[in-house]
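Pasted below: work.tsv, TSV, C-alpha atoms.
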chain	number	residue	atom	x	y	z
A	1	MET	CA	41.12	57.62	12.58
A	2	SER	CA	38.64	58.44	15.31
A	3	ASP	CA	41.35	59.96	17.46
A	4	PHE	CA	41.23	63.57	18.54
A	5	PRO	CA	37.51	64.11	17.86
A	6	GLU	CA	37.49	67.57	19.48
A	7	VAL	CA	40.42	68.70	17.39
A	8	ARG	CA	38.79	67.31	14.27
A	9	ARG	CA	35.56	69.12	15.05
A	10	ALA	CA	37.51	72.31	15.62
A	11	LEU	CA	39.34	71.86	12.33
A	12	ASP	CA	36.04	71.37	10.57
A	13	ALA	CA	34.83	74.64	12.00
A	14	VAL	CA	37.14	76.55	9.73
A	15	PRO	CA	35.15	77.60	6.67
A	16	VAL	CA	36.75	77.43	3.30
A	17	PRO	CA	36.70	80.72	1.47
A	18	ARG	CA	35.70	80.57	-2.13
A	19	LEU	CA	38.60	81.57	-4.30
A	20	SER	CA	38.15	83.44	-7.50
A	21	PRO	CA	38.10	81.15	-10.52
A	22	VAL	CA	41.31	80.52	-12.34
A	23	ASP	CA	41.81	82.93	-15.21
A	24	VAL	CA	42.52	80.58	-18.10
A	25	ALA	CA	43.03	83.47	-20.50
A	26	ALA	CA	45.73	84.84	-18.22
A	27	ILE	CA	47.41	81.44	-18.32
A	28	TYR	CA	47.38	81.51	-22.11
A	29	ARG	CA	48.78	85.04	-22.07
A	30	ALA	CA	51.47	84.14	-19.52
A	31	ALA	CA	52.45	81.09	-21.53
A	32	ALA	CA	52.62	83.18	-24.71
A	33	ASP	CA	54.73	85.80	-22.92
A	34	ALA	CA	57.03	83.11	-21.57
A	35	HIS	CA	57.34	81.67	-25.06
A	36	ALA	CA	58.16	85.08	-26.47
A	37	ARG	CA	60.72	85.68	-23.71
A	38	SER	CA	62.28	82.32	-24.41
A	39	ALA	CA	62.45	83.10	-28.13
A	40	ARG	CA	64.05	86.48	-27.40
A	41	ARG	CA	66.53	84.84	-25.05
A	42	TRP	CA	67.50	82.28	-27.67
A	43	LYS	CA	67.80	85.02	-30.23
A	44	ARG	CA	70.13	86.94	-27.94
A	45	VAL	CA	72.13	83.79	-27.30
A	46	ALA	CA	72.39	83.14	-31.03
A	47	VAL	CA	73.51	86.72	-31.70
A	48	GLY	CA	76.02	86.49	-28.86
A	49	VAL	CA	77.43	83.24	-30.13
A	50	GLY	CA	77.66	84.68	-33.63
A	51	ALA	CA	79.45	87.77	-32.35
A	52	LEU	CA	81.78	85.60	-30.32
A	53	ALA	CA	82.58	83.51	-33.35
A	54	ALA	CA	83.12	86.61	-35.47
A	55	SER	CA	85.40	88.17	-32.87
A	56	PHE	CA	87.30	84.92	-32.51
A	57	LEU	CA	87.80	84.78	-36.25
A	58	ALA	CA	88.83	88.41	-36.31
A	59	PHE	CA	91.35	87.91	-33.54
A	60	ALA	CA	92.66	84.78	-35.18
A	61	VAL	CA	92.92	86.24	-38.68
A	62	LEU	CA	93.63	89.96	-38.17
A	63	PRO	CA	97.11	89.48	-36.66
A	64	LYS	CA	98.06	87.51	-39.76
A	65	ILE	CA	97.02	90.27	-42.17
A	66	GLU	CA	99.75	92.55	-43.41
A	67	VAL	CA	98.65	95.57	-45.42
A	68	ARG	CA	101.33	97.01	-47.65
A	69	TRP	CA	101.03	100.54	-49.04
A	70	GLY	CA	103.24	102.02	-51.67
A	71	ASP	CA	104.15	101.66	-55.29
A	72	PRO	CA	102.50	98.38	-55.79
A	73	PRO	CA	98.80	98.53	-55.05
A	74	PRO	CA	97.79	97.80	-51.47
A	75	VAL	CA	97.77	94.13	-50.96
A	76	ALA	CA	96.54	92.27	-47.94
A	77	VAL	CA	98.67	89.25	-47.39
A	78	VAL	CA	97.52	86.61	-45.02
A	79	GLU	CA	100.39	84.63	-43.67
A	80	PRO	CA	99.51	81.04	-43.86
A	81	LYS	CA	99.64	79.50	-40.50
A	82	PRO	CA	99.86	75.77	-40.88
A	83	ASP	CA	97.19	74.11	-39.00
A	84	PRO	CA	98.58	70.94	-37.42
A	85	ARG	CA	95.69	68.96	-38.82
A	86	VAL	CA	96.27	70.42	-42.28
A	87	ALA	CA	100.00	69.75	-41.96
A	88	ALA	CA	99.26	66.17	-41.00
A	89	LEU	CA	96.97	65.83	-43.99
A	90	ILE	CA	99.61	67.28	-46.31
A	91	ASP	CA	102.20	64.91	-44.89
A	92	GLU	CA	99.85	62.02	-45.38
A	93	GLN	CA	99.19	63.13	-48.92
A	94	ARG	CA	102.95	63.35	-49.58
A	95	LYS	CA	103.44	59.81	-48.32
A	96	LEU	CA	100.63	58.64	-50.54
A	97	PHE	CA	102.22	60.42	-53.49
A	98	VAL	CA	105.54	58.65	-52.85
A	99	LEU	CA	103.78	55.35	-52.55
A	100	LEU	CA	101.91	56.02	-55.78
A	101	ARG	CA	105.12	57.00	-57.55
A	102	ASP	CA	106.84	53.80	-56.40
A	103	SER	CA	103.84	51.83	-57.45
A	104	ASN	CA	103.87	53.45	-60.89
A	105	ALA	CA	107.56	52.63	-61.30
A	106	ARG	CA	106.94	49.07	-60.29
A	107	HIS	CA	104.06	48.93	-62.73
A	108	ALA	CA	106.30	50.22	-65.52
A	109	ASP	CA	108.95	47.60	-64.71
A	110	LEU	CA	106.38	44.87	-64.81
A	111	GLN	CA	105.04	46.18	-68.09
A	112	ASP	CA	108.56	46.11	-69.57
A	113	LEU	CA	109.08	42.56	-68.39
A	114	LEU	CA	105.79	41.48	-69.89
A	115	LEU	CA	106.63	43.11	-73.22
A	116	THR	CA	110.00	41.37	-73.22
A	117	LEU	CA	108.43	38.04	-72.53
A	118	ALA	CA	105.83	38.59	-75.21
A	119	ARG	CA	108.54	39.51	-77.67
A	120	ASP	CA	110.47	36.40	-76.74
A	121	VAL	CA	107.42	34.23	-77.22
A	122	ALA	CA	106.80	35.85	-80.61
A	123	ASP	CA	110.40	35.24	-81.63
A	124	ARG	CA	110.16	31.64	-80.58
A	125	ASP	CA	106.92	31.29	-82.44
A	126	GLY	CA	108.55	32.67	-85.59
A	127	SER	CA	111.40	30.18	-85.36
A	128	GLN	CA	109.00	27.32	-84.88
A	129	LYS	CA	106.91	28.55	-87.78
A	130	ARG	CA	109.96	28.68	-90.00
A	131	GLN	CA	110.95	25.14	-88.99
A	132	LEU	CA	107.44	23.95	-89.69
A	133	ALA	CA	107.48	25.64	-93.10
A	134	GLU	CA	110.75	23.95	-93.94
A	135	LEU	CA	109.38	20.64	-92.80
A	136	ALA	CA	106.27	21.18	-94.88
A	137	ALA	CA	108.37	22.06	-97.88
A	138	LYS	CA	110.42	18.88	-97.43
A	139	LEU	CA	107.24	16.90	-97.11
A	140	ARG	CA	105.85	18.43	-100.30
A	141	GLU	CA	109.16	17.69	-102.08
A	142	PHE	CA	109.02	14.11	-100.83
A	143	GLU	CA	105.46	13.75	-102.07
A	144	THR	CA	106.45	15.07	-105.45
A	145	VAL	CA	109.34	12.65	-105.67
A	146	THR	CA	107.13	9.79	-104.56
A	147	ALA	CA	104.50	10.66	-107.15
A	148	GLN	CA	107.12	10.86	-109.85
A	149	GLN	CA	108.54	7.49	-108.81
A	150	PHE	CA	105.03	6.04	-108.88
A	151	ARG	CA	104.39	7.34	-112.34
A	152	GLU	CA	107.75	5.98	-113.59
A	153	SER	CA	107.03	2.63	-112.02
A	154	GLU	CA	103.59	2.57	-113.65
A	155	ARG	CA	105.10	3.36	-117.01
A	156	THR	CA	107.68	0.66	-116.61
A	157	ASN	CA	105.06	-1.91	-115.70
A	158	THR	CA	102.96	-1.02	-118.73
A	159	ALA	CA	105.89	-1.32	-121.01
A	160	LEU	CA	106.83	-4.62	-119.50
A	161	TYR	CA	103.27	-5.91	-119.92
A	162	ASN	CA	103.17	-4.86	-123.51
A	163	VAL	CA	106.46	-6.55	-124.17
A	164	VAL	CA	105.42	-9.78	-122.55
A	165	PHE	CA	101.82	-10.22	-123.74
A	166	ALA	CA	101.37	-8.15	-126.91
A	167	ALA	CA	104.04	-10.03	-128.97
A	168	LYS	CA	102.23	-13.50	-128.89
A	169	PRO	CA	100.09	-14.40	-132.07
A	170	LYS	CA	96.48	-15.58	-131.91
A	171	GLY	CA	95.88	-19.40	-131.83
A	172	ASP	CA	99.06	-20.21	-130.12
A	173	GLN	CA	97.16	-20.79	-127.02
A	174	PRO	CA	97.68	-24.17	-125.54
B	1	MET	CA	39.27	63.56	-1.25
B	2	ARG	CA	38.53	65.35	-4.43
B	3	ASP	CA	35.63	67.30	-5.83
B	4	ALA	CA	36.85	66.87	-9.34
B	5	PRO	CA	35.60	64.00	-11.46
B	6	ALA	CA	37.61	60.89	-10.95
B	7	ASP	CA	38.01	59.94	-14.56
B	8	SER	CA	39.35	61.16	-17.83
B	9	ASP	CA	42.07	63.44	-16.52
B	10	GLY	CA	44.56	61.49	-18.58
B	11	ASP	CA	42.23	61.66	-21.58
B	12	ARG	CA	41.87	65.39	-21.16
B	13	MET	CA	45.64	65.79	-21.03
B	14	ARG	CA	45.99	63.69	-24.15
B	15	ARG	CA	43.34	65.70	-25.95
B	16	TRP	CA	44.94	68.93	-24.90
B	17	VAL	CA	48.42	67.85	-25.99
B	18	ALA	CA	46.85	66.73	-29.26
B	19	GLY	CA	45.61	70.27	-29.79
B	20	ASP	CA	42.13	70.34	-28.26
B	21	GLY	CA	42.04	73.80	-26.69
B	22	THR	CA	38.93	73.11	-24.62
B	23	ALA	CA	40.53	70.18	-22.79
B	24	PHE	CA	42.82	72.40	-20.75
B	25	GLU	CA	39.93	74.55	-19.60
B	26	GLU	CA	38.06	71.40	-18.63
B	27	ILE	CA	41.02	70.37	-16.49
B	28	VAL	CA	41.13	73.77	-14.84
B	29	ARG	CA	37.42	73.82	-14.08
B	30	ALA	CA	37.53	70.25	-12.76
B	31	TRP	CA	40.35	70.90	-10.33
B	32	GLU	CA	40.42	74.59	-9.45
B	33	VAL	CA	38.16	74.27	-6.40
B	34	ALA	CA	40.03	71.33	-4.90
B	35	ILE	CA	43.43	72.80	-5.55
B	36	GLY	CA	42.38	76.25	-4.36
B	37	ARG	CA	41.02	74.82	-1.12
B	38	PHE	CA	44.15	72.74	-0.57
B	39	VAL	CA	46.47	75.66	-1.24
B	40	ASN	CA	44.40	77.98	0.89
B	41	ARG	CA	44.64	75.62	3.85
B	42	LEU	CA	48.37	75.28	3.43
B	43	THR	CA	49.12	78.95	3.02
B	44	GLY	CA	46.36	80.41	5.16
B	45	ASP	CA	46.13	83.40	2.85
B	46	VAL	CA	43.31	83.80	0.37
B	47	HIS	CA	45.24	86.07	-1.96
B	48	THR	CA	48.37	83.95	-1.88
B	49	ALA	CA	46.23	80.88	-2.44
B	50	ALA	CA	44.58	82.46	-5.47
B	51	ASP	CA	47.96	83.37	-6.92
B	52	ILE	CA	49.39	79.93	-6.26
B	53	THR	CA	46.34	78.20	-7.73
B	54	GLN	CA	46.74	80.28	-10.85
B	55	GLU	CA	50.43	79.38	-10.94
B	56	VAL	CA	49.64	75.68	-10.50
B	57	PHE	CA	47.60	75.62	-13.67
B	58	LEU	CA	50.14	77.73	-15.49
B	59	ARG	CA	52.74	75.09	-14.65
B	60	VAL	CA	50.37	72.37	-15.78
B	61	PHE	CA	49.96	74.27	-19.03
B	62	ARG	CA	53.71	74.61	-19.52
B	63	ALA	CA	54.43	71.00	-18.57
B	64	GLY	CA	51.50	69.56	-20.49
B	65	ALA	CA	53.47	68.07	-23.35
B	66	LYS	CA	55.85	66.38	-20.92
B	67	TYR	CA	53.11	64.84	-18.80
B	68	GLN	CA	53.31	61.07	-18.76
B	69	ASN	CA	49.91	59.57	-18.09
B	70	GLY	CA	50.40	56.89	-15.51
B	71	GLY	CA	47.08	57.39	-13.76
B	72	GLN	CA	48.79	59.76	-11.34
B	73	PHE	CA	47.39	63.04	-12.55
B	74	GLN	CA	46.00	63.97	-9.16
B	75	ALA	CA	49.29	63.23	-7.38
B	76	TRP	CA	51.13	65.21	-10.03
B	77	LEU	CA	48.81	68.18	-9.61
B	78	TYR	CA	49.02	68.11	-5.83
B	79	ARG	CA	52.80	67.83	-5.99
B	80	ILE	CA	52.96	70.98	-8.09
B	81	ALA	CA	50.69	72.78	-5.66
B	82	LEU	CA	52.63	71.54	-2.66
B	83	ASN	CA	55.96	72.63	-4.10
B	84	LEU	CA	54.59	76.06	-4.90
B	85	CYS	CA	53.24	76.40	-1.38
B	86	ARG	CA	56.62	75.45	0.03
B	87	ASP	CA	58.33	77.97	-2.23
B	88	ALA	CA	55.88	80.65	-1.13
B	89	ALA	CA	56.43	79.80	2.52
B	90	ARG	CA	60.18	80.00	2.08
B	91	SER	CA	60.01	83.31	0.25
B	92	LYS	CA	57.69	84.84	2.76
B	93	ALA	CA	59.24	83.16	5.80
B	94	ARG	CA	56.43	84.30	7.93
B	95	LYS	CA	53.26	83.02	9.43
B	96	PRO	CA	50.05	83.79	7.63
B	97	ALA	CA	48.82	87.13	8.79
B	98	VAL	CA	45.47	86.87	7.12
B	99	SER	CA	42.68	84.85	8.58
B	100	LEU	CA	41.58	81.67	6.88
B	101	THR	CA	38.05	82.95	7.04
B	102	PRO	CA	36.71	85.52	4.66
B	103	ALA	CA	36.59	89.05	5.98
B	104	MET	CA	33.31	89.82	7.71
B	105	ASP	CA	31.93	93.01	9.06
B	106	PRO	CA	31.70	92.61	12.86
B	107	LEU	CA	28.72	94.93	12.98
B	108	ALA	CA	26.82	92.93	10.42
B	109	VAL	CA	27.03	89.62	12.18
B	110	GLY	CA	25.42	88.22	15.25
B	111	ASP	CA	26.95	86.75	18.40
B	112	ALA	CA	26.87	83.21	17.08
B	113	GLU	CA	28.58	84.19	13.91
B	114	CYS	CA	31.14	86.21	15.85
B	115	GLU	CA	31.82	83.22	18.04
B	116	GLN	CA	32.12	80.96	15.00
B	117	ARG	CA	34.48	83.39	13.38
B	118	GLU	CA	36.58	83.61	16.51
B	119	THR	CA	36.77	79.83	16.70
B	120	ALA	CA	37.82	79.66	13.08
B	121	GLU	CA	40.52	82.25	13.62
B	122	VAL	CA	41.87	80.39	16.64
B	123	VAL	CA	41.92	77.08	14.75
B	124	ALA	CA	43.46	78.70	11.68
B	125	ALA	CA	46.14	80.31	13.79
B	126	ALA	CA	46.85	77.00	15.51
B	127	VAL	CA	47.16	75.19	12.18
B	128	ALA	CA	49.30	77.99	10.81
B	129	GLY	CA	51.50	77.76	13.87
B	130	LEU	CA	52.42	74.18	13.09
B	131	PRO	CA	55.72	73.53	11.36
B	132	GLY	CA	55.34	73.07	7.63
B	133	HIS	CA	55.86	69.32	7.57
B	134	LEU	CA	53.16	68.83	10.25
B	135	ARG	CA	50.76	71.28	8.62
B	136	GLU	CA	51.03	69.44	5.31
B	137	VAL	CA	50.13	66.16	6.98
B	138	VAL	CA	47.12	67.66	8.76
B	139	VAL	CA	45.80	69.29	5.61
B	140	LEU	CA	46.33	66.23	3.42
B	141	ARG	CA	44.95	63.78	5.96
B	142	HIS	CA	42.12	65.68	7.58
B	143	TYR	CA	40.95	68.06	4.89
B	144	GLU	CA	41.89	66.16	1.73
B	145	ASP	CA	41.14	62.77	3.29
B	146	MET	CA	44.23	61.28	1.69
B	147	SER	CA	45.52	57.90	2.81
B	148	PHE	CA	48.92	57.77	4.44
B	149	GLU	CA	50.17	55.62	1.57
B	150	ALA	CA	49.08	58.19	-1.00
B	151	MET	CA	50.59	60.93	1.12
B	152	GLY	CA	53.80	58.95	1.27
B	153	ARG	CA	53.91	58.79	-2.54
B	154	LEU	CA	53.19	62.49	-2.76
B	155	LEU	CA	55.64	63.66	-0.12
B	156	GLY	CA	58.28	60.99	-0.59
B	157	VAL	CA	58.07	60.03	3.07
B	158	PRO	CA	57.25	56.60	4.52
B	159	ALA	CA	53.63	56.17	5.60
B	160	THR	CA	54.67	55.22	9.12
B	161	THR	CA	56.56	58.49	9.48
B	162	LEU	CA	53.50	60.37	8.26
B	163	LYS	CA	51.28	58.61	10.80
B	164	SER	CA	53.66	59.71	13.54
B	165	ARG	CA	53.70	63.25	12.20
B	166	PHE	CA	49.93	63.32	12.09
B	167	ALA	CA	49.70	62.17	15.70
B	168	VAL	CA	52.23	64.77	16.79
B	169	ALA	CA	50.39	67.50	14.88
B	170	MET	CA	47.04	66.58	16.38
B	171	THR	CA	48.49	66.46	19.85
B	172	ARG	CA	49.94	69.93	19.40
B	173	LEU	CA	46.66	71.26	18.07
B	174	GLU	CA	44.81	69.70	20.93
B	175	ALA	CA	47.17	71.30	23.40
B	176	VAL	CA	46.54	74.70	21.83
B	177	LEU	CA	42.86	74.50	20.98
B	178	ILE	CA	41.27	72.87	23.97
B	179	PRO	CA	42.33	75.50	26.54
B	180	ARG	CA	41.62	78.38	24.16
B	181	LEU	CA	38.28	77.21	22.91
B	182	GLY	CA	37.18	75.85	26.25
B	183	ILE	CA	36.34	72.48	24.75
B	184	GLU	CA	35.52	69.80	27.23
B	185	GLN	CA	37.94	67.06	26.41
B	186	GLN	CA	36.35	63.67	26.01
B	187	GLU	CA	38.23	60.58	27.02
B	188	THR	CA	37.62	58.89	23.72
B	189	HIS	CA	41.05	59.07	22.23
B	190	GLU	CA	44.19	57.42	23.40

Show how you would write the structure in this file as structure tokens.
Amino acid sequence: MSDFPEVRRALDAVPVPRLSPVDVAAIYRAAADAHARSARRWKRVAVGVGALAASFLAFAVLPKIEVRWGDPPPVAVVEPKPDPRVAALIDEQRKLFVLLRDSNARHADLQDLLLTLARDVADRDGSQKRQLAELAAKLREFETVTAQQFRESERTNTALYNVVFAAKPKGDQP
Amino acid sequence: MRDAPADSDGDRMRRWVAGDGTAFEEIVRAWEVAIGRFVNRLTGDVHTAADITQEVFLRVFRAGAKYQNGGQFQAWLYRIALNLCRDAARSKARKPAVSLTPAMDPLAVGDAECEQRETAEVVAAAVAGLPGHLREVVVLRHYEDMSFEAMGRLLGVPATTLKSRFAVAMTRLEAVLIPRLGIEQQETHE
């Protein structure tokens, strides 16, 4: 960049004035002021938003308030205005209630059916038990009869033995 | 290009953001001369330059926590200064009325000094008479000794465009200064 040497020399002839040093304390103060301004601004915004919300609520609620004076004490009645979202929730809840009711009824029917079946099983069990008891009784009767027949047979055999072998005298053996 | 130390600007910023109160003052003291000189040459007004220099460091202070250290602290600082100078030029919308040279008592100076002062005033007026985009290139290239590539990053303009602007600016200055200062033009440049 050796072009324009005369111009460059002329440019170099301009002295640079010494500026006053930067005031760092002033920077700190300015930054603190700016911070305070910002805080105040946000505070104002917050207050404004709060007032706006309050006025919105007032305008939304006040028209619904009816103050009655007279014999009964003053009463402020707020007409309920169904919020579509609330109405939808209520409707949903109603559907759920119906579903729950149907489900309960179905549950009761099932419970009845189960009880009936259980009763039937119990009845059938009782009948079987009775049949078994009868069978057992017959078996016991049969055992008794068999035992009695055995004893009679034993007695008969003894008697027959005594008749056949006890009547022979000694020495008659061949 | 710079009088300020070439290292640790990023470290200083980190220290300052971390809560070291002395780091910011170190940054100010390291850069106030360079930035003041740069701003003074762009604005041509000592008082405006002092105000803008103060504002530059105020902006650095406010933006400190957001500074991303990518080794571009100098470019970031110069960009702040440049933008403030442009804002000041737009708000004033006038040529600098104050000389670039400090005020001197004409009675207290000799002929040589008077001549030097006159030369400085003529040159300052010629530089001030350049359009803003040419003046910026002259200041950054000649006084700040910035490469065209660095200038391109700073100004967001291609380096080739800046080279052309610099040539145009120097030609215009030459056309103004040589007749007024009675400089014998040498045949050294193209």

*Report the distance between atom CA of Val137 of chain B and atom CA of Leu84 of chain B in Å, rounded to one decimal place.*
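Atom CA of Leu84 of chain B lies 16.1 Å from atom CA of Val137 of chain B.
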
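Nearest to chain A of all the residues B:Arg165, B:Arg14, B:Arg86, B:His142 is B:His142, based on all atoms listed in the file.
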
_Taking 3 positions as the minimum chain separation for residues in the same chain, which residues sit within 8 Å of Tyr67 of chain B when counting only C-alpha atoms? Answer as number ranges by chain._
B: 13, 63-64

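The space separating atom CA of Arg12 of chain B from atom CA of Arg29 of chain B comes to 11.9 Å.
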
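The coordinates place atom CA of Arg106 of chain A at 22.5 Å from atom CA of Val121 of chain A.
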
_Using only C-alpha atoms, which protein or nucleic acid residues come within 8 Å of segment 29-39 of chain A? Drop anything in the same chain fewer than 4 positions from it, and give the result as a PyMOL selection string._
(chain A and resi 25+43) or (chain B and resi 58+61-62)

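Distances from B:Gln72, B:Ser164, B:Thr53, B:Gln116 to Asp23 of chain A were compared using all atoms listed in the file, and the smallest one belongs to B:Thr53.
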
*Which of these residues is nearest to Ala10 of chain A, using only C-alpha atoms: B:Ala159, B:Met146, B:Ala124, B:Val139?*
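Among B:Ala159, B:Met146, B:Ala124, B:Val139, it is B:Ala124 that comes nearest to Ala10 of chain A.
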
I'd like the contact shell of Ala175 of chain B - 12 Å cut-off, only C-alpha atoms, skipping same-chain residues fewer than 6 positions apart - returned as a PDB file with C-alpha atoms, keeping the file's coordinate frame.
ATOM      1  CA  PHE A   4      41.230  63.570  18.540  1.00  0.00           C
ATOM      2  CA  GLU A   6      37.490  67.570  19.480  1.00  0.00           C
ATOM      3  CA  VAL A   7      40.420  68.700  17.390  1.00  0.00           C
TER       4      VAL A   7
ATOM      5  CA  VAL B 123      41.920  77.080  14.750  1.00  0.00           C
ATOM      6  CA  ALA B 126      46.850  77.000  15.510  1.00  0.00           C
ATOM      7  CA  VAL B 127      47.160  75.190  12.180  1.00  0.00           C
ATOM      8  CA  LEU B 130      52.420  74.180  13.090  1.00  0.00           C
ATOM      9  CA  VAL B 168      52.230  64.770  16.790  1.00  0.00           C
ATOM     10  CA  ALA B 169      50.390  67.500  14.880  1.00  0.00           C
ATOM     11  CA  LEU B 181      38.280  77.210  22.910  1.00  0.00           C
ATOM     12  CA  GLY B 182      37.180  75.850  26.250  1.00  0.00           C
ATOM     13  CA  ILE B 183      36.340  72.480  24.750  1.00  0.00           C
ATOM     14  CA  GLN B 185      37.940  67.060  26.410  1.00  0.00           C
TER      15      GLN B 185
END

*With a cut-off of 8 Å and counting all atoms listed in the file, select all residues of chain A in contact with chain B and give the selection as an NGL selection string.*
:A and (2-8 or 10-11 or 13-24 or 27 or 30-31)

May I have the selected residues written with C-alpha atoms, as a JSON list (two decimals), keeping the file's coordinate frame?
[["chain", "number", "residue", "atom", "x", "y", "z"],
["A", 2, "SER", "CA", 38.64, 58.44, 15.31],
["A", 3, "ASP", "CA", 41.35, 59.96, 17.46],
["A", 4, "PHE", "CA", 41.23, 63.57, 18.54],
["A", 5, "PRO", "CA", 37.51, 64.11, 17.86],
["A", 6, "GLU", "CA", 37.49, 67.57, 19.48],
["A", 7, "VAL", "CA", 40.42, 68.70, 17.39],
["A", 8, "ARG", "CA", 38.79, 67.31, 14.27],
["A", 10, "ALA", "CA", 37.51, 72.31, 15.62],
["A", 11, "LEU", "CA", 39.34, 71.86, 12.33],
["A", 13, "ALA", "CA", 34.83, 74.64, 12.00],
["A", 14, "VAL", "CA", 37.14, 76.55, 9.73],
["A", 15, "PRO", "CA", 35.15, 77.60, 6.67],
["A", 16, "VAL", "CA", 36.75, 77.43, 3.30],
["A", 17, "PRO", "CA", 36.70, 80.72, 1.47],
["A", 18, "ARG", "CA", 35.70, 80.57, -2.13],
["A", 19, "LEU", "CA", 38.60, 81.57, -4.30],
["A", 20, "SER", "CA", 38.15, 83.44, -7.50],
["A", 21, "PRO", "CA", 38.10, 81.15, -10.52],
["A", 22, "VAL", "CA", 41.31, 80.52, -12.34],
["A", 23, "ASP", "CA", 41.81, 82.93, -15.21],
["A", 24, "VAL", "CA", 42.52, 80.58, -18.10],
["A", 27, "ILE", "CA", 47.41, 81.44, -18.32],
["A", 30, "ALA", "CA", 51.47, 84.14, -19.52],
["A", 31, "ALA", "CA", 52.45, 81.09, -21.53]]

_Neighbour list for Ala75 of chain B as a PyMOL selection string, cut-off 10 Å, all atoms listed in the file, skip fewer than 2 positions in-chain_ = chain B and resi 71-73+77-81+150-151+153-155
